[in-house]
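Student: Mind looking over this structure? Questions follow.
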Amino acid sequence: METICPIDLRCANEISALLTPPSSPEVQEYFDGLLSTRQCRDIGVKQDGGFGKGAYAASEFKEGELVLKDQMLVGAQHSSNKIDCLVCSFCFRFIGSIELQIGRRLYLQQLGASVNHDCDMETYSYTSKDCRETDSSDDDDYSLTKTSKKLGECTSGSSKTKLPLPDGIVESLMNSHLMLPYSNMFSLPQAVPCPGGCGEAYYCSSSCAEADWETSHSLLCTGERSDSVCREALLKFLQHADETNDIFILAAKAICSTILKYHKLKATKLEGQEKYVRANASDHCVLSLLLEAWKPISMGHKKRWWDCIALPDDVNSSDETAFRMQIRELAFRSLQLLKEAVFDKECEPLFSLEIYGHVIGMFELNNLDLVVASPVENYFLYIDDLPYHEKQEAEKITKPLLDALGEDYALCCQGTAFFPLQSCMNHSCCPNAKAFKREEDRDGQATIIALTPICKGEEVTISYVDEDLPFEDRQASLADYGFICRCPKCIEEEETVRES
Ligand SMILES: C[S@@+](CC[C@H](N)C(=O)[O-])C[C@H]1O[C@@H](n2cnc3c(N)ncnc32)[C@H](O)[C@@H]1O
């Protein structure tokens, strides 16, 4: 495919440095540092097992034991899920109050914002065939990767008739005039608005607001105090991502966090220098600092998005080249909008299509569903469990709300996130660990539990696909990750298939 992005030519050397896989000692040092900050017992990341990096047990694990709780490096709530719940834009905790969560949902429902939620819209043919996202309430495991949503794909999809409420109820829920019985048992952090004034991002605390601002939101905020170059272009970029694939928002967060980190590193470096050196500091890219800022992204396994995305079922294999070209053009359109919005001359290589494609590809190959359980569900369950008289009394108020909300009355926060340690885990069709999202683990983190006893020194493996599928289906699904599985189960079943 010919080059369509001039930055790819102009910054070829820098791009090559950014995409060079880190050395083994660098990998070791980075992940050892990360592991020291995580809730985990004795695992390590090594780069030698034949499939690139892998995670290894540094001591024994018993069946059912927690192997790792990993925090996301970068994550985003699905655009379509934003009407279902109000969560902290940085840590994804539910915020406001039970009343606000219910009132806001009903208000948006009334506005007809959930019109797209009947999932009848035509699916966007550019997105992965494997948008295997299921309703998380029915599914206890994380699904690895392919979490980007198709246009019109929805999280709330109840077809059950929702009963309307009398006038004024929704408003009084939203402005806290109506207090629901027992809701004080489920208090949520107050919603802190974005300091940039976008009115889009809310937080559970000022520390989350500050952290998000410093990490990437100062560049991606559409408010008056935004540091973006052009707010109109930013709005266009966000709209384009909403309409096509919200994985672009994740890629923008990764690029912006690298830019902000680069400038912080540069400022720290200049701090100790003479005044005239600071005044004359060039605005040329200091590659060593850009590489340092890029380190967390450099550690992720990557391929170009248009090379690794699975061919959708409705695309004929004879049209594969044209399809991949379209995907690349879609990414280029998104990149152009992002560039107009937040371009930074010193970090120009980050705006090359090569880098953008690899960042999106990294999310495509590694991401897990992000799931945070709704406190609204717990609230209604609590009411349901009350002693008979208290329940009857409470339900005079809560029952009409439940009826108005419909059967998907308490949807989880759903999104997609990159978990750096979990993403080092290789696949096996007979895995010894599993990424769960049990009720108690729906907190936005990736929870890895031992499925079998794991010995010291053994590789920790998870299954990227449903390991109970027949051999051929498993291999077909794994082709999306660009490898053929040669685990003992596959070798055995391959022979059986060949013999039959
Ligand atoms: C989520 S990453 C796992 C970590 C990866 N090995 C790394 O170096 O970062 C997934 C990629 O690892 C490789 N991989 C994982 N499991 C494998 C297996 N059983 N056989 C061959 N390659 C595997 C494939 O390249 C796959 O796309």
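Chain labels A, B, ... are given in the sequence in which chains occur in the structure tokens; within each chain residues are numbered consecutively from 1, and ligands are likewise numbered from 1 in the order shown.
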Can you pull out every residue with an atom within 7 Å of ligand 1? Use only C-alpha atoms and all ligand atoms and format it as a list in words.
Tutor: Phe51, Gly52, Lys53, Gly54, Gly300, His301, Leu365, Asn366, Ser423, Cys424, Met425, Asn426, His427, Ser428, Tyr481, Gly482, Phe483, Ile484, Cys485, Arg486 and Cys487 of chain A
Student: Tell me, as a VMD selection string, which residues lie within 7 Å of segment 58-71 of chain A, counting only C-alpha atoms; anything in the same chain fewer than 3 positions away does not count.
Tutor: chain A and resid 38 to 44 419 421 to 422 445 to 457
Student: So that I can check the secondary structure, give me every residue of segment 303-439 of chain A assigned strand (DSSP E) by backbone DSSP, as a VMD selection string.
Tutor: chain A and resid 368 to 372 413 to 418 426 to 427 433 to 436
Student: If you measure from atom CA of Ser183 of chain A to atom CA of Ile98 of chain A, what distance in Å do you get, rounded to one decimal?
Tutor: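 Spanning atom CA of Ser183 of chain A to atom CA of Ile98 of chain A is a straight-line distance of 6.4 Å.
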Student: Check the DSSP output for the backbone and give back, as number ranges by chain, the residues of segment 236-472 of chain A in helix (DSSP H, G or I).
Tutor: A: 236-243, 247-271, 275-279, 287-298, 305-308, 317-342, 345-351, 353-366, 375-384, 388-405, 422-424, 439-441, 471-472
Student: Could the residues in this selection be saved with C-alpha atoms as a short mmCIF file (atom, residue, chain, number, x, y, z; two decimals), in the first residue's frame?
Tutor:
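The resulting file, selection_22.cif, is reproduced below:
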data_model
loop_
_atom_site.label_atom_id
_atom_site.label_comp_id
_atom_site.auth_asym_id
_atom_site.auth_seq_id
_atom_site.Cartn_x
_atom_site.Cartn_y
_atom_site.Cartn_z
CA LYS A 236 -15.38 16.77 14.49
CA PHE A 237 -12.83 14.15 15.56
CA LEU A 238 -15.02 13.01 18.47
CA GLN A 239 -18.13 12.92 16.30
CA HIS A 240 -16.30 10.89 13.66
CA ALA A 241 -15.18 8.41 16.35
CA ASP A 242 -18.72 8.21 17.76
CA GLU A 243 -20.10 7.51 14.31
CA ILE A 247 -11.35 2.81 19.43
CA PHE A 248 -10.15 6.12 17.86
CA ILE A 249 -10.87 7.88 21.15
CA LEU A 250 -8.64 5.42 22.92
CA ALA A 251 -5.90 5.98 20.34
CA ALA A 252 -6.26 9.76 20.80
CA LYS A 253 -5.87 9.32 24.57
CA ALA A 254 -2.68 7.29 24.03
CA ILE A 255 -1.22 9.92 21.66
CA CYS A 256 -2.20 12.86 23.89
CA SER A 257 -0.85 11.24 27.03
CA THR A 258 2.47 10.73 25.24
CA ILE A 259 2.56 14.38 24.13
CA LEU A 260 1.80 15.65 27.64
CA LYS A 261 4.35 13.32 29.21
CA TYR A 262 6.98 14.40 26.66
CA HIS A 263 6.53 18.06 27.58
CA LYS A 264 6.67 17.27 31.28
CA LEU A 265 9.93 15.35 30.80
CA LYS A 266 11.34 18.19 28.74
CA ALA A 267 10.34 20.80 31.33
CA THR A 268 11.98 18.73 34.09
CA LYS A 269 15.13 18.39 32.02
CA LEU A 270 15.27 22.12 31.36
CA GLU A 271 14.63 23.01 34.98
CA LYS A 275 18.37 30.50 31.95
CA TYR A 276 19.68 31.15 28.42
CA VAL A 277 19.57 27.42 27.61
CA ARG A 278 15.92 27.34 28.65
CA ALA A 279 15.13 30.45 26.64
CA LEU A 287 13.81 11.76 20.49
CA SER A 288 15.14 10.29 23.74
CA LEU A 289 12.40 12.10 25.67
CA LEU A 290 9.71 11.11 23.17
CA LEU A 291 10.83 7.47 23.50
CA GLU A 292 10.68 7.76 27.28
CA ALA A 293 7.17 9.26 27.15
CA TRP A 294 6.09 6.55 24.70
CA LYS A 295 7.44 3.68 26.85
CA PRO A 296 4.07 2.41 28.21
CA ILE A 297 2.72 2.16 24.66
CA SER A 298 5.99 0.71 23.32
CA TRP A 305 -4.86 -2.06 12.49
CA TRP A 306 -5.72 -2.57 8.82
CA ASP A 307 -3.39 -5.58 8.68
CA CYS A 308 -4.67 -7.33 11.79
CA SER A 317 -12.09 -12.68 0.43
CA SER A 318 -11.58 -11.38 -3.13
CA ASP A 319 -12.37 -7.88 -1.74
CA GLU A 320 -9.91 -8.18 1.11
CA THR A 321 -7.35 -5.72 -0.30
CA ALA A 322 -10.03 -3.10 -0.94
CA PHE A 323 -11.44 -3.66 2.56
CA ARG A 324 -8.05 -3.20 4.21
CA MET A 325 -7.49 -0.08 2.12
CA GLN A 326 -10.83 1.32 3.34
CA ILE A 327 -9.89 0.64 6.94
CA ARG A 328 -6.61 2.44 6.42
CA GLU A 329 -8.44 5.39 4.87
CA LEU A 330 -10.87 5.46 7.77
CA ALA A 331 -7.94 5.60 10.18
CA PHE A 332 -6.32 8.32 8.08
CA ARG A 333 -9.50 10.44 8.15
CA SER A 334 -9.63 10.09 11.93
CA LEU A 335 -5.92 10.96 12.20
CA GLN A 336 -6.36 14.08 10.05
CA LEU A 337 -9.11 15.32 12.36
CA LEU A 338 -7.03 14.52 15.44
CA LYS A 339 -4.04 16.30 13.91
CA GLU A 340 -6.09 19.43 13.24
CA ALA A 341 -7.29 19.32 16.82
CA VAL A 342 -4.15 18.64 18.84
CA LYS A 345 5.24 19.95 16.12
CA GLU A 346 7.75 18.45 18.56
CA CYS A 347 5.76 15.23 18.68
CA GLU A 348 5.11 15.11 14.93
CA PRO A 349 6.01 11.39 14.53
CA LEU A 350 3.02 10.53 16.72
CA PHE A 351 0.78 11.96 13.98
CA LEU A 353 -0.41 6.99 10.00
CA GLU A 354 2.10 4.26 10.80
CA ILE A 355 2.03 5.12 14.51
CA TYR A 356 -1.74 5.70 14.58
CA GLY A 357 -2.35 2.37 12.84
CA HIS A 358 -0.09 0.51 15.29
CA VAL A 359 -1.72 2.12 18.34
CA ILE A 360 -5.21 1.17 17.15
CA GLY A 361 -3.92 -2.31 16.24
CA MET A 362 -2.51 -2.67 19.76
CA PHE A 363 -5.96 -2.03 21.20
CA GLU A 364 -7.56 -4.35 18.66
CA LEU A 365 -5.24 -7.21 19.66
CA ASN A 366 -5.08 -6.72 23.40
CA PRO A 375 -25.23 0.48 42.05
CA VAL A 376 -28.77 1.00 40.73
CA GLU A 377 -29.08 -2.75 40.38
CA ASN A 378 -27.98 -3.26 43.99
CA TYR A 379 -30.42 -0.57 45.09
CA PHE A 380 -33.44 -2.28 43.51
CA LEU A 381 -32.27 -5.67 44.80
CA TYR A 382 -32.04 -4.19 48.29
CA ILE A 383 -35.61 -2.89 48.05
CA ASP A 384 -36.74 -6.30 46.84
CA TYR A 388 -42.68 -7.30 53.63
CA HIS A 389 -44.09 -4.05 55.07
CA GLU A 390 -41.01 -1.92 54.39
CA LYS A 391 -40.85 -3.34 50.89
CA GLN A 392 -44.51 -2.53 50.18
CA GLU A 393 -44.02 1.02 51.43
CA ALA A 394 -40.80 1.57 49.42
CA GLU A 395 -42.22 0.06 46.25
CA LYS A 396 -44.99 2.66 46.14
CA ILE A 397 -42.19 4.97 44.99
CA THR A 398 -39.70 2.62 43.38
CA LYS A 399 -42.04 0.34 41.39
CA PRO A 400 -43.17 3.06 38.92
CA LEU A 401 -39.50 3.92 38.35
CA LEU A 402 -38.60 0.31 37.71
CA ASP A 403 -41.51 0.02 35.27
CA ALA A 404 -40.43 3.18 33.49
CA LEU A 405 -36.84 2.00 33.20
CA GLN A 422 -2.88 -8.79 31.44
CA SER A 423 -1.99 -7.98 27.81
CA CYS A 424 1.28 -9.90 28.28
CA GLU A 439 -20.03 -9.54 40.41
CA GLU A 440 -17.39 -8.55 42.93
CA ASP A 441 -14.81 -7.88 40.24
CA PHE A 471 -11.02 -27.19 17.06
CA GLU A 472 -11.69 -25.54 13.68
#
Student: Kindly indicate which residue among A:Val371, A:Leu188, A:Cys194, A:Val74 lies nearest to Phe94 of chain A, using only C-alpha atoms for the distances.
Tutor: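 Between A:Val371, A:Leu188, A:Cys194, A:Val74, the residue approaching Phe94 of chain A most closely is A:Leu188.
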